[in-house]
>>> print(open('entry16.pdb').read())   # PDB, C-alpha atoms and all ligand atoms
MODEL        1
ATOM      1  CA  MET O   1      26.866   3.497  32.969
ATOM      2  CA  HIS O   2      26.166  -0.190  33.586
ATOM      3  CA  HIS O   3      25.255  -1.627  30.237
ATOM      4  CA  ILE O   4      23.476  -4.683  31.523
ATOM      5  CA  MET O   5      21.343  -2.625  33.871
ATOM      6  CA  MET O   6      20.498  -0.211  31.040
ATOM      7  CA  LYS O   7      19.556  -3.066  28.763
ATOM      8  CA  THR O   8      17.359  -4.660  31.422
ATOM      9  CA  LEU O   9      15.683  -1.345  32.060
ATOM     10  CA  LEU O  10      15.131  -0.811  28.347
ATOM     11  CA  ALA O  11      13.740  -4.300  27.899
ATOM     12  CA  ALA O  12      11.418  -3.860  30.859
ATOM     13  CA  SER O  13      10.137  -0.489  29.660
ATOM     14  CA  SER O  14       9.540  -1.657  26.099
ATOM     15  CA  LEU O  15       7.671  -4.657  27.460
ATOM     16  CA  ALA O  16       5.522  -2.313  29.553
ATOM     17  CA  LEU O  17       4.885  -0.236  26.430
ATOM     18  CA  LEU O  18       3.864  -3.308  24.503
ATOM     19  CA  PHE O  19       1.187  -4.151  27.049
ATOM     20  CA  ALA O  20       0.045  -0.548  27.398
ATOM     21  CA  VAL O  21      -0.770  -0.232  23.685
ATOM     22  CA  PRO O  22      -4.520  -0.629  23.141
ATOM     23  CA  ALA O  23      -5.929  -2.885  20.450
ATOM     24  CA  LEU O  24      -4.729  -1.254  17.256
ATOM     25  CA  ALA O  25      -7.357   0.377  15.123
ATOM     26  CA  THR O  26      -5.016   0.061  12.191
ATOM     27  CA  GLN O  27      -4.949  -3.678  11.761
ATOM     28  CA  THR O  28      -5.425  -5.236   8.369
ATOM     29  CA  THR O  29      -8.146  -7.872   8.304
ATOM     30  CA  PRO O  30      -9.627 -10.069   5.583
ATOM     31  CA  SER O  31     -12.444  -8.209   3.849
ATOM     32  CA  GLU O  32     -15.976  -9.536   3.426
ATOM     33  CA  LEU O  33     -16.480  -7.507   0.256
ATOM     34  CA  ALA O  34     -17.455  -9.359  -2.887
ATOM     35  CA  PRO O  35     -15.047  -8.685  -5.765
ATOM     36  CA  LEU O  36     -16.187  -6.233  -8.418
ATOM     37  CA  HIS O  37     -16.793  -7.380 -11.967
ATOM     38  CA  ASP O  38     -15.827  -4.051 -13.521
ATOM     39  CA  THR O  39     -13.568  -4.901 -16.458
ATOM     40  CA  SER O  40     -12.711  -1.318 -17.487
ATOM     41  CA  PRO O  41      -8.965  -0.670 -17.284
ATOM     42  CA  VAL O  42      -7.558   1.094 -14.203
ATOM     43  CA  ILE O  43      -3.817   0.344 -14.327
ATOM     44  CA  THR O  44      -1.478  -0.217 -17.271
ATOM     45  CA  LEU O  45       1.396  -2.632 -16.753
ATOM     46  CA  VAL O  46       4.411  -1.819 -18.905
ATOM     47  CA  GLU O  47       7.240  -4.278 -19.535
ATOM     48  CA  GLY O  48       9.525  -3.000 -22.244
ATOM     49  CA  SER O  49       7.361  -2.471 -25.319
ATOM     50  CA  GLU O  50       4.545  -4.608 -23.931
ATOM     51  CA  ARG O  51       1.552  -2.833 -22.371
ATOM     52  CA  ARG O  52      -1.272  -4.591 -20.549
ATOM     53  CA  ASP O  53      -4.409  -3.049 -19.114
ATOM     54  CA  ILE O  54      -5.558  -4.292 -15.735
ATOM     55  CA  SER O  55      -9.146  -3.940 -14.525
ATOM     56  CA  ARG O  56     -10.618  -3.734 -11.024
ATOM     57  CA  ALA O  57     -12.046  -7.201 -11.621
ATOM     58  CA  GLU O  58      -8.553  -8.593 -12.232
ATOM     59  CA  ILE O  59      -7.114  -6.882  -9.156
ATOM     60  CA  GLU O  60     -10.019  -8.013  -6.997
ATOM     61  CA  SER O  61      -9.785 -11.616  -8.156
ATOM     62  CA  LEU O  62      -7.226 -11.863  -5.313
ATOM     63  CA  PRO O  63      -8.201 -11.968  -1.614
ATOM     64  CA  LEU O  64      -9.331  -8.556  -0.358
ATOM     65  CA  HIS O  65      -8.054  -7.106   2.909
ATOM     66  CA  GLU O  66      -9.058  -3.929   4.661
ATOM     67  CA  ILE O  67      -7.846  -1.376   7.126
ATOM     68  CA  GLU O  68      -9.547   1.530   8.889
ATOM     69  CA  LEU O  69      -7.594   4.731   8.478
ATOM     70  CA  ARG O  70      -7.554   8.434   7.892
ATOM     71  CA  HIS O  71      -5.596   9.136   4.735
ATOM     72  CA  PHE O  72      -3.470  12.279   4.862
ATOM     73  CA  GLU O  73      -5.220  13.592   1.743
ATOM     74  CA  GLY O  74      -8.541  13.578   3.570
ATOM     75  CA  PRO O  75     -10.455  10.375   2.826
ATOM     76  CA  GLU O  76     -11.261   8.380   5.935
ATOM     77  CA  GLY O  77     -12.878   4.989   6.448
ATOM     78  CA  ARG O  78     -12.290   1.387   5.520
ATOM     79  CA  PHE O  79      -9.746   1.056   2.740
ATOM     80  CA  ALA O  80      -9.874  -2.316   1.014
ATOM     81  CA  GLY O  81      -7.607  -3.855  -1.547
ATOM     82  CA  VAL O  82      -5.164  -6.649  -2.267
ATOM     83  CA  TRP O  83      -1.592  -7.195  -1.088
ATOM     84  CA  LEU O  84       0.706  -5.710  -3.702
ATOM     85  CA  ASP O  85       2.962  -8.774  -3.458
ATOM     86  CA  GLU O  86       0.067 -11.084  -4.316
ATOM     87  CA  PHE O  87      -0.967  -8.860  -7.201
ATOM     88  CA  LEU O  88       2.591  -8.815  -8.561
ATOM     89  CA  ALA O  89       2.908 -12.583  -8.187
ATOM     90  CA  ALA O  90      -0.366 -13.075 -10.071
ATOM     91  CA  GLN O  91       1.000 -10.848 -12.848
ATOM     92  CA  GLU O  92       4.368 -12.636 -12.753
ATOM     93  CA  LEU O  93       6.101  -9.401 -11.846
ATOM     94  CA  ASP O  94       7.203 -10.293  -8.338
ATOM     95  CA  THR O  95      10.816 -10.849  -9.346
ATOM     96  CA  ALA O  96      11.145  -7.475 -11.069
ATOM     97  CA  GLU O  97      14.351  -5.774  -9.990
ATOM     98  CA  ARG O  98      12.638  -2.449  -9.835
ATOM     99  CA  LEU O  99       9.055  -1.330 -10.148
ATOM    100  CA  ARG O 100       8.121   2.167 -11.117
ATOM    101  CA  PHE O 101       4.659   3.476 -10.252
ATOM    102  CA  ILE O 102       3.328   6.510 -12.071
ATOM    103  CA  ALA O 103       0.281   8.488 -10.983
ATOM    104  CA  HIS O 104      -2.228  10.475 -13.011
ATOM    105  CA  ASP O 105      -0.497  13.644 -11.769
ATOM    106  CA  ASP O 106       2.843  12.129 -12.954
ATOM    107  CA  TYR O 107       4.104  11.670  -9.418
ATOM    108  CA  THR O 108       6.320   8.601  -9.419
ATOM    109  CA  ILE O 109       7.888   6.139  -6.967
ATOM    110  CA  PHE O 110      10.249   3.188  -7.294
ATOM    111  CA  LEU O 111       9.984  -0.052  -5.328
ATOM    112  CA  THR O 112      12.618  -2.773  -5.121
ATOM    113  CA  PRO O 113      12.000  -6.336  -3.895
ATOM    114  CA  GLU O 114      13.875  -5.283  -0.754
ATOM    115  CA  ASP O 115      11.444  -2.402  -0.136
ATOM    116  CA  ARG O 116       8.592  -4.899  -0.437
ATOM    117  CA  ARG O 117      10.251  -7.319   1.974
ATOM    118  CA  GLU O 118      10.694  -4.541   4.523
ATOM    119  CA  LYS O 119       7.053  -3.525   4.508
ATOM    120  CA  ARG O 120       3.877  -4.858   2.988
ATOM    121  CA  TYR O 121       1.989  -2.600   0.603
ATOM    122  CA  LEU O 122      -1.750  -2.751   0.111
ATOM    123  CA  LEU O 123      -3.052  -1.881  -3.351
ATOM    124  CA  VAL O 124      -6.331  -0.216  -2.411
ATOM    125  CA  THR O 125      -9.368  -0.239  -4.722
ATOM    126  CA  ARG O 126     -12.216   0.674  -2.318
ATOM    127  CA  LEU O 127     -13.201   3.088   0.386
ATOM    128  CA  ASP O 128     -16.144   2.087   2.568
ATOM    129  CA  ALA O 129     -16.993  -0.641   0.056
ATOM    130  CA  GLU O 130     -17.245   1.821  -2.870
ATOM    131  CA  PRO O 131     -14.780   1.781  -5.770
ATOM    132  CA  LEU O 132     -12.283   4.625  -5.333
ATOM    133  CA  THR O 133     -12.716   7.316  -7.981
ATOM    134  CA  LEU O 134     -10.102   9.705  -9.341
ATOM    135  CA  ASN O 135     -11.532  12.444  -7.090
ATOM    136  CA  GLU O 136     -10.931  10.258  -4.067
ATOM    137  CA  PHE O 137      -7.317   9.589  -5.013
ATOM    138  CA  GLY O 138      -8.254   6.397  -6.859
ATOM    139  CA  PRO O 139      -8.835   4.388  -8.929
ATOM    140  CA  THR O 140      -6.085   2.682  -6.909
ATOM    141  CA  LEU O 141      -3.603   3.848  -4.300
ATOM    142  CA  LEU O 142      -0.877   2.338  -2.144
ATOM    143  CA  VAL O 143      -0.847   2.300   1.641
ATOM    144  CA  VAL O 144       1.571   0.716   4.096
ATOM    145  CA  PRO O 145      -0.721  -0.618   6.836
ATOM    146  CA  ALA O 146       2.187  -1.148   9.256
ATOM    147  CA  ASP O 147       2.976   2.580   9.009
ATOM    148  CA  ALA O 148      -0.587   3.900   9.214
ATOM    149  CA  GLU O 149      -0.382   5.132  12.801
ATOM    150  CA  ALA O 150       3.130   6.503  12.451
ATOM    151  CA  VAL O 151       2.168   8.367   9.273
ATOM    152  CA  GLU O 152      -0.891   9.830  10.968
ATOM    153  CA  ALA O 153       1.287  10.907  13.885
ATOM    154  CA  GLY O 154       3.790  12.487  11.495
ATOM    155  CA  LYS O 155       6.528  10.081  12.560
ATOM    156  CA  GLU O 156       6.926   8.183   9.323
ATOM    157  CA  SER O 157       7.282   9.327   5.740
ATOM    158  CA  MET O 158       4.445   8.673   3.309
ATOM    159  CA  THR O 159       6.324   9.379   0.098
ATOM    160  CA  ARG O 160       5.514   5.857  -1.120
ATOM    161  CA  TRP O 161       1.787   6.241  -0.473
ATOM    162  CA  ILE O 162       1.202   7.040  -4.130
ATOM    163  CA  TRP O 163      -2.385   7.711  -5.057
ATOM    164  CA  SER O 164      -4.204   7.768  -8.434
ATOM    165  CA  ILE O 165      -1.879   5.145  -9.891
ATOM    166  CA  ARG O 166      -2.129   4.921 -13.686
ATOM    167  CA  GLU O 167       0.877   2.820 -14.631
ATOM    168  CA  ILE O 168       3.345   0.269 -13.261
ATOM    169  CA  GLN O 169       6.581  -0.169 -15.192
ATOM    170  CA  THR O 170       9.033  -2.982 -14.628
ATOM    171  CA  ARG O 171      12.589  -3.711 -15.559
TER
HETATM  172  N1  LIG O 201      -0.224  10.764  -6.873
HETATM  173  C1  LIG O 201       0.526  11.330  -5.935
HETATM  174  N2  LIG O 201       0.830  10.626  -4.815
HETATM  175  C2  LIG O 201       1.618  11.186  -3.847
HETATM  176  C3  LIG O 201       2.149  12.470  -4.007
HETATM  177  C4  LIG O 201       1.795  13.200  -5.188
HETATM  178  O1  LIG O 201       2.190  14.355  -5.404
HETATM  179  N3  LIG O 201       0.981  12.590  -6.117
HETATM  180  N4  LIG O 201       3.007  12.990  -3.065
HETATM  181  C5  LIG O 201       3.674  12.013  -2.171
HETATM  182  C6  LIG O 201       4.397  12.624  -1.094
HETATM  183  S1  LIG O 201       5.974  13.143  -1.405
HETATM  184  C7  LIG O 201       3.868  12.725   0.134
HETATM  185  S2  LIG O 201       4.768  13.334   1.422
HETATM  186  C8  LIG O 201       2.477  12.378   0.344
HETATM  187  C9  LIG O 201       1.721  13.642   0.655
HETATM  188  O2  LIG O 201       1.833  14.498  -0.451
HETATM  189  P1  LIG O 201       1.324  15.993  -0.383
HETATM  190  O3  LIG O 201       2.090  16.637   0.748
HETATM  191  O4  LIG O 201       1.688  16.560  -1.724
HETATM  192  O5  LIG O 201      -0.135  15.982  -0.153
HETATM  193  O6  LIG O 201       1.847  11.723  -0.745
HETATM  194  C10 LIG O 201       2.661  11.027  -1.626
HETATM  195  N5  LIG O 201       1.877  10.482  -2.723
HETATM  196 MO    MO O 202       6.483  14.467   0.434
ENDMDL
END
>>> encode(input="entry16.pdb", output="structure tokens")
Amino acid sequence: MHHIMMKTLLAASSLALLFAVPALATQTTPSELAPLHDTSPVITLVEGSERRDISRAEIESLPLHEIELRHFEGPEGRFAGVWLDEFLAAQELDTAERLRFIAHDDYTIFLTPEDRREKRYLLVTRLDAEPLTLNEFGPTLLVVPADAEAVEAGKESMTRWIWSIREIQTR
């Protein structure tokens, strides 16, 4: 097989694909929502023996972004929240070697700085402008906007889309 010809063909077909893709429904855009002032705790940050409660108001003091999607657990609409990286930076946790997220059902995931460089995570607090409740997989959940379509199509794993987050541990 002629490698150069194959490469040219591949390049040409991927270019064609690029132009054939319609405007993505799954783009993250700045949100117009006004931040909530709810100061009741929704996430506990744990660093060694230190525990800190974080409220929706604290999370939403950062710029809100939103994305339209159908979550695999059922909820569908506009999910709004803050970039996890910005939240971590604001909490001075962005250099943590490893982050452990724990959900209300005790499901757990680990994220390294490398994982966060690979893909951006959105820490979601709202669905269609309303605060996410425990019944709707809130009060907060993680989504990877760049993977939204692939996850919906069953082509990408969603093991890191942890919902009902109750705690973030660092070390
Ligand atoms: N809180 C919480 N988030 C979770 C899970 C879970 O059990 N609890 N399961 C994860 C896994 S492994 C996958 S594949 C998806 C879908 O989980 P499900 O198949 O149990 O619905 O959600 C992820 N987020
Ligand atoms: Mo899974």
>>> resolve_selection(input="entry16.pdb", expression="the PyMOL selection byres (((chain O and resi 90) around 12) and not hetatm)", output="PDB file with C-alpha atoms, in the frame of the given file")
ATOM      1  CA  ILE O  54      -5.558  -4.292 -15.735  1.00  0.00           C
ATOM      2  CA  GLU O  58      -8.553  -8.593 -12.232  1.00  0.00           C
ATOM      3  CA  ILE O  59      -7.114  -6.882  -9.156  1.00  0.00           C
ATOM      4  CA  GLU O  60     -10.019  -8.013  -6.997  1.00  0.00           C
ATOM      5  CA  SER O  61      -9.785 -11.616  -8.156  1.00  0.00           C
ATOM      6  CA  LEU O  62      -7.226 -11.863  -5.313  1.00  0.00           C
ATOM      7  CA  PRO O  63      -8.201 -11.968  -1.614  1.00  0.00           C
ATOM      8  CA  VAL O  82      -5.164  -6.649  -2.267  1.00  0.00           C
ATOM      9  CA  TRP O  83      -1.592  -7.195  -1.088  1.00  0.00           C
ATOM     10  CA  LEU O  84       0.706  -5.710  -3.702  1.00  0.00           C
ATOM     11  CA  ASP O  85       2.962  -8.774  -3.458  1.00  0.00           C
ATOM     12  CA  GLU O  86       0.067 -11.084  -4.316  1.00  0.00           C
ATOM     13  CA  PHE O  87      -0.967  -8.860  -7.201  1.00  0.00           C
ATOM     14  CA  LEU O  88       2.591  -8.815  -8.561  1.00  0.00           C
ATOM     15  CA  ALA O  89       2.908 -12.583  -8.187  1.00  0.00           C
ATOM     16  CA  GLN O  91       1.000 -10.848 -12.848  1.00  0.00           C
ATOM     17  CA  GLU O  92       4.368 -12.636 -12.753  1.00  0.00           C
ATOM     18  CA  LEU O  93       6.101  -9.401 -11.846  1.00  0.00           C
ATOM     19  CA  ASP O  94       7.203 -10.293  -8.338  1.00  0.00           C
ATOM     20  CA  THR O  95      10.816 -10.849  -9.346  1.00  0.00           C
TER      21      THR O  95
END
>>> residues_around(input="entry16.pdb", residues="Phe137 in chain O", least_positions_apart="2", cutoff="12 Å", atoms="only C-alpha atoms", output="PyMOL selection string")
chain O and resi 71-76+79+103-105+124-127+131-135+139-143+161-166
>>> write_last_selection(input="entry16.pdb", atoms="C-alpha atoms", output="PDB file, keeping the file's coordinate frame")
ATOM      1  CA  HIS O  71      -5.596   9.136   4.735  1.00  0.00           C
ATOM      2  CA  PHE O  72      -3.470  12.279   4.862  1.00  0.00           C
ATOM      3  CA  GLU O  73      -5.220  13.592   1.743  1.00  0.00           C
ATOM      4  CA  GLY O  74      -8.541  13.578   3.570  1.00  0.00           C
ATOM      5  CA  PRO O  75     -10.455  10.375   2.826  1.00  0.00           C
ATOM      6  CA  GLU O  76     -11.261   8.380   5.935  1.00  0.00           C
ATOM      7  CA  PHE O  79      -9.746   1.056   2.740  1.00  0.00           C
ATOM      8  CA  ALA O 103       0.281   8.488 -10.983  1.00  0.00           C
ATOM      9  CA  HIS O 104      -2.228  10.475 -13.011  1.00  0.00           C
ATOM     10  CA  ASP O 105      -0.497  13.644 -11.769  1.00  0.00           C
ATOM     11  CA  VAL O 124      -6.331  -0.216  -2.411  1.00  0.00           C
ATOM     12  CA  THR O 125      -9.368  -0.239  -4.722  1.00  0.00           C
ATOM     13  CA  ARG O 126     -12.216   0.674  -2.318  1.00  0.00           C
ATOM     14  CA  LEU O 127     -13.201   3.088   0.386  1.00  0.00           C
ATOM     15  CA  PRO O 131     -14.780   1.781  -5.770  1.00  0.00           C
ATOM     16  CA  LEU O 132     -12.283   4.625  -5.333  1.00  0.00           C
ATOM     17  CA  THR O 133     -12.716   7.316  -7.981  1.00  0.00           C
ATOM     18  CA  LEU O 134     -10.102   9.705  -9.341  1.00  0.00           C
ATOM     19  CA  ASN O 135     -11.532  12.444  -7.090  1.00  0.00           C
ATOM     20  CA  PRO O 139      -8.835   4.388  -8.929  1.00  0.00           C
ATOM     21  CA  THR O 140      -6.085   2.682  -6.909  1.00  0.00           C
ATOM     22  CA  LEU O 141      -3.603   3.848  -4.300  1.00  0.00           C
ATOM     23  CA  LEU O 142      -0.877   2.338  -2.144  1.00  0.00           C
ATOM     24  CA  VAL O 143      -0.847   2.300   1.641  1.00  0.00           C
ATOM     25  CA  TRP O 161       1.787   6.241  -0.473  1.00  0.00           C
ATOM     26  CA  ILE O 162       1.202   7.040  -4.130  1.00  0.00           C
ATOM     27  CA  TRP O 163      -2.385   7.711  -5.057  1.00  0.00           C
ATOM     28  CA  SER O 164      -4.204   7.768  -8.434  1.00  0.00           C
ATOM     29  CA  ILE O 165      -1.879   5.145  -9.891  1.00  0.00           C
ATOM     30  CA  ARG O 166      -2.129   4.921 -13.686  1.00  0.00           C
TER      31      ARG O 166
END
>>> closest_residue(input="entry16.pdb", among="O:Leu64, O:Gly81, O:Pro113, O:Asp147", to="Arg100 in chain O", atoms="all atoms listed in the file")
O:Pro113
>>> resolve_selection(input="entry16.pdb", expression="the PyMOL selection byres (((chain O and resi 45) around 12) and not hetatm)", output="PyMOL selection string")
chain O and resi 41-44+46-55+87-88+91-93+99-102+165-171
>>> closest_atom_pairs(input="entry16.pdb", of="chain O", to="ligand MO 202 (chain O)", cutoff="10 Å", atoms="all atoms listed in the file", output="Markdown table")
| residue | atom | partner | partner_atom | distance |
| --- | --- | --- | --- | --- |
| O:Ser157 | CA | O:MO202 | MO | 7.4 |
| O:Met158 | CA | O:MO202 | MO | 6.8 |
| O:Thr159 | CA | O:MO202 | MO | 5.1 |
| O:Arg160 | CA | O:MO202 | MO | 8.8 |
| O:Trp161 | CA | O:MO202 | MO | 9.5 |
>>> atom_distance(input="entry16.pdb", atom1="atom C6 of ligand LIG 201 (chain O)", atom2="CA of Tyr107 in chain O")
8.4 Å
>>> closest_residue(input="entry16.pdb", among="O:Gly138, O:Ala57, O:Ala148, O:His65", to="ligand LIG 201 (chain O)", atoms="only C-alpha atoms and all ligand atoms")
O:Gly138
>>> decode(input="entry16.pdb", residues="range 107-121 of chain O", atoms="N, CA, C and O atoms", output="short mmCIF file (atom, residue, chain, number, x, y, z; two decimals), in the first residue's frame")
data_model
loop_
_atom_site.label_atom_id
_atom_site.label_comp_id
_atom_site.auth_asym_id
_atom_site.auth_seq_id
_atom_site.Cartn_x
_atom_site.Cartn_y
_atom_site.Cartn_z
N TYR O 107 -20.20 5.87 45.64
CA TYR O 107 -19.43 5.69 44.40
C TYR O 107 -18.26 6.67 44.48
O TYR O 107 -18.37 7.76 45.04
N THR O 108 -17.12 6.28 43.93
CA THR O 108 -15.95 7.13 44.04
C THR O 108 -15.13 7.14 42.75
O THR O 108 -15.14 6.17 42.01
N ILE O 109 -14.49 8.27 42.46
CA ILE O 109 -13.57 8.36 41.33
C ILE O 109 -12.32 9.12 41.78
O ILE O 109 -12.34 9.86 42.76
N PHE O 110 -11.25 8.92 41.03
CA PHE O 110 -10.00 9.63 41.29
C PHE O 110 -9.65 10.45 40.05
O PHE O 110 -9.84 9.98 38.93
N LEU O 111 -9.17 11.66 40.25
CA LEU O 111 -8.72 12.50 39.14
C LEU O 111 -7.32 13.02 39.43
O LEU O 111 -7.06 13.56 40.50
N THR O 112 -6.44 12.87 38.45
CA THR O 112 -5.08 13.42 38.56
C THR O 112 -5.03 14.71 37.75
O THR O 112 -5.91 14.95 36.91
N PRO O 113 -4.00 15.54 37.98
CA PRO O 113 -3.86 16.76 37.16
C PRO O 113 -3.81 16.41 35.67
O PRO O 113 -4.32 17.15 34.84
N GLU O 114 -3.22 15.26 35.35
CA GLU O 114 -3.13 14.82 33.96
C GLU O 114 -4.52 14.55 33.38
O GLU O 114 -4.81 14.94 32.25
N ASP O 115 -5.37 13.90 34.17
CA ASP O 115 -6.76 13.65 33.71
C ASP O 115 -7.44 14.97 33.39
O ASP O 115 -8.15 15.09 32.41
N ARG O 116 -7.17 15.97 34.23
CA ARG O 116 -7.84 17.27 34.07
C ARG O 116 -7.26 18.07 32.91
O ARG O 116 -7.93 18.94 32.38
N ARG O 117 -5.99 17.78 32.57
CA ARG O 117 -5.40 18.42 31.39
C ARG O 117 -5.97 17.81 30.12
O ARG O 117 -6.18 18.49 29.14
N GLU O 118 -6.21 16.51 30.15
CA GLU O 118 -6.73 15.79 29.00
C GLU O 118 -8.11 16.27 28.60
O GLU O 118 -8.40 16.46 27.43
N LYS O 119 -8.96 16.43 29.60
CA LYS O 119 -10.34 16.84 29.35
C LYS O 119 -10.84 17.76 30.44
O LYS O 119 -10.51 17.57 31.61
N ARG O 120 -11.65 18.74 30.01
CA ARG O 120 -12.18 19.67 31.01
C ARG O 120 -13.46 19.09 31.63
O ARG O 120 -14.30 18.54 30.93
N TYR O 121 -13.56 19.26 32.93
CA TYR O 121 -14.73 18.78 33.67
C TYR O 121 -15.56 19.98 34.11
O TYR O 121 -15.01 20.98 34.57
#
